Amino acid sequence: GVLDSFETLVFDEVRFRYTETGPWVLNDVSFRLGKGDRIALVGSTGSGKSTILRLLTKTYDNYHGSIKLNGIELSRIPKAEAGKFFSLMQQEVFLFNESIEFNIGLSREGIDRADVVEAARYVYADHFIDDLPGGYAFELQGNGANLSAGQAQLIAFARAIAGGSEVVMLDEATSSVDSVTEQLIQKAIDHVFMEKTVIAIAHRLSTIQHSDQILVLDKGEIIERGSHGEL
Ligand code: ATP
Ligand code: MG
């Protein structure tokens, strides 16, 4: 069927506001994401970057204009069906007081240990996990307070990969992490960029440089677009 695998995502003059009478948060946003494309969203705080990703997770369906997934209006596609195309790595990391294995595997039902380890390897988290007492059985506490901030991000990244979705949505964290984990995160992002379709809210210059298309948002409008060389 048409929704068997990801082909295109097309935003066409999308306008959106969170409440009936509130201000427009997205204003005529248009762009096209094809298979294998990498789009970076940049712009000041409140410019609407995360809102674009929230529309894709179907948190809200009351947008104006059109958002088409493989040519089908997103608002007509059931949430579960649209959801299998996209995995989101959020800026805020949410971790359960459970094992690392549980925290990585929870995005996919029936996932086994080998797939969890593969996802961890994919984002270069396997080495630090192996060094923890108990490895994948290591129990997290306090939303990952017993890990470094960067390690917690890598666990969340591994979870997004373990889900197996074709399109990865990254909301890059702004929090600073130590330089060793920063390098791991960078490698993980590079790996995802080589093999997946990506839409990234980007803070790192390297993420922006590796994107095919950069959309600069300001107050819900795309004020500039192009490659890193063009802008
Ligand atoms: P940041 O860089 O700070 O993460 P952003 O570009 O991701 O910013 P959004 O989170 O998309 O910005 O927010 C865009 C606008 O929508 C902001 O003015 C924000 O206050 C508003 N907004 C966000 N979430 C809601 C909500 N749930 N209800 C009402 N307004 C909201
Ligand atoms: Mg945001």
# chains A, B, ... in the order shown; residues from 1 in each chain; ligands from 1
$ residues_near_ligand --ligand "ligand 1" --cutoff "12 Å" --atoms "only C-alpha atoms and all ligand atoms" --output "VMD selection string"
chain A and resid 15 to 27 41 to 55 59 to 60 90 to 92 170 to 174 200 to 203 215 to 222
$ select_by_dssp --residues "stretch 90-230 of chain A" --states "strand (DSSP E)" --output "list in words"
Val167, Val168, Met169, Leu170, Asp171, Thr197, Val198, Ile199, Ala200, Ile201, Gln213, Ile214, Leu215, Val216, Leu217, Asp218, Glu221, Ile222, Ile223, Glu224, Arg225 and Gly226 of chain A
$ closest_residue --among "A:Ser211, A:Ser30, A:Ser176, A:Thr8" --to "A:Gly150" --atoms "only C-alpha atoms"
A:Ser176
$ residues_around --residues "stretch 126-137 of chain A" --least-positions-apart "3" --cutoff "7 Å" --atoms "only C-alpha atoms" --output "list in words"
Ser99, Ile100, Glu101, Val117, Ala120 and Arg121 of chain A
$ write_last_selection --atoms "N, CA and C atoms" --output "PDB file, in the first residue's frame"
ATOM      1  N   SER A  99      15.687  -0.699  34.011  1.00  0.00           N
ATOM      2  CA  SER A  99      17.000  -1.027  33.439  1.00  0.00           C
ATOM      3  C   SER A  99      17.256  -0.231  32.153  1.00  0.00           C
ATOM      4  N   ILE A 100      18.505  -0.161  31.782  1.00  0.00           N
ATOM      5  CA  ILE A 100      18.877   0.455  30.507  1.00  0.00           C
ATOM      6  C   ILE A 100      18.196  -0.289  29.362  1.00  0.00           C
ATOM      7  N   GLU A 101      18.167  -1.621  29.449  1.00  0.00           N
ATOM      8  CA  GLU A 101      17.525  -2.429  28.407  1.00  0.00           C
ATOM      9  C   GLU A 101      16.059  -2.023  28.242  1.00  0.00           C
ATOM     10  N   VAL A 117      20.890  -4.076  21.994  1.00  0.00           N
ATOM     11  CA  VAL A 117      22.337  -3.879  21.901  1.00  0.00           C
ATOM     12  C   VAL A 117      22.698  -3.263  20.546  1.00  0.00           C
ATOM     13  N   ALA A 120      21.980   0.372  20.654  1.00  0.00           N
ATOM     14  CA  ALA A 120      22.999   1.054  21.469  1.00  0.00           C
ATOM     15  C   ALA A 120      24.291   1.220  20.666  1.00  0.00           C
ATOM     16  N   ARG A 121      24.668   0.169  19.939  1.00  0.00           N
ATOM     17  CA  ARG A 121      25.860   0.234  19.083  1.00  0.00           C
ATOM     18  C   ARG A 121      25.716   1.303  18.020  1.00  0.00           C
TER      19      ARG A 121
END
$ select_by_dssp --residues "stretch 66-226 of chain A" --states "alpha helix (DSSP H)" --output "PyMOL selection string"
chain A and resi 79-83+100-105+113-122+126-131+149-162+179-195+205-209
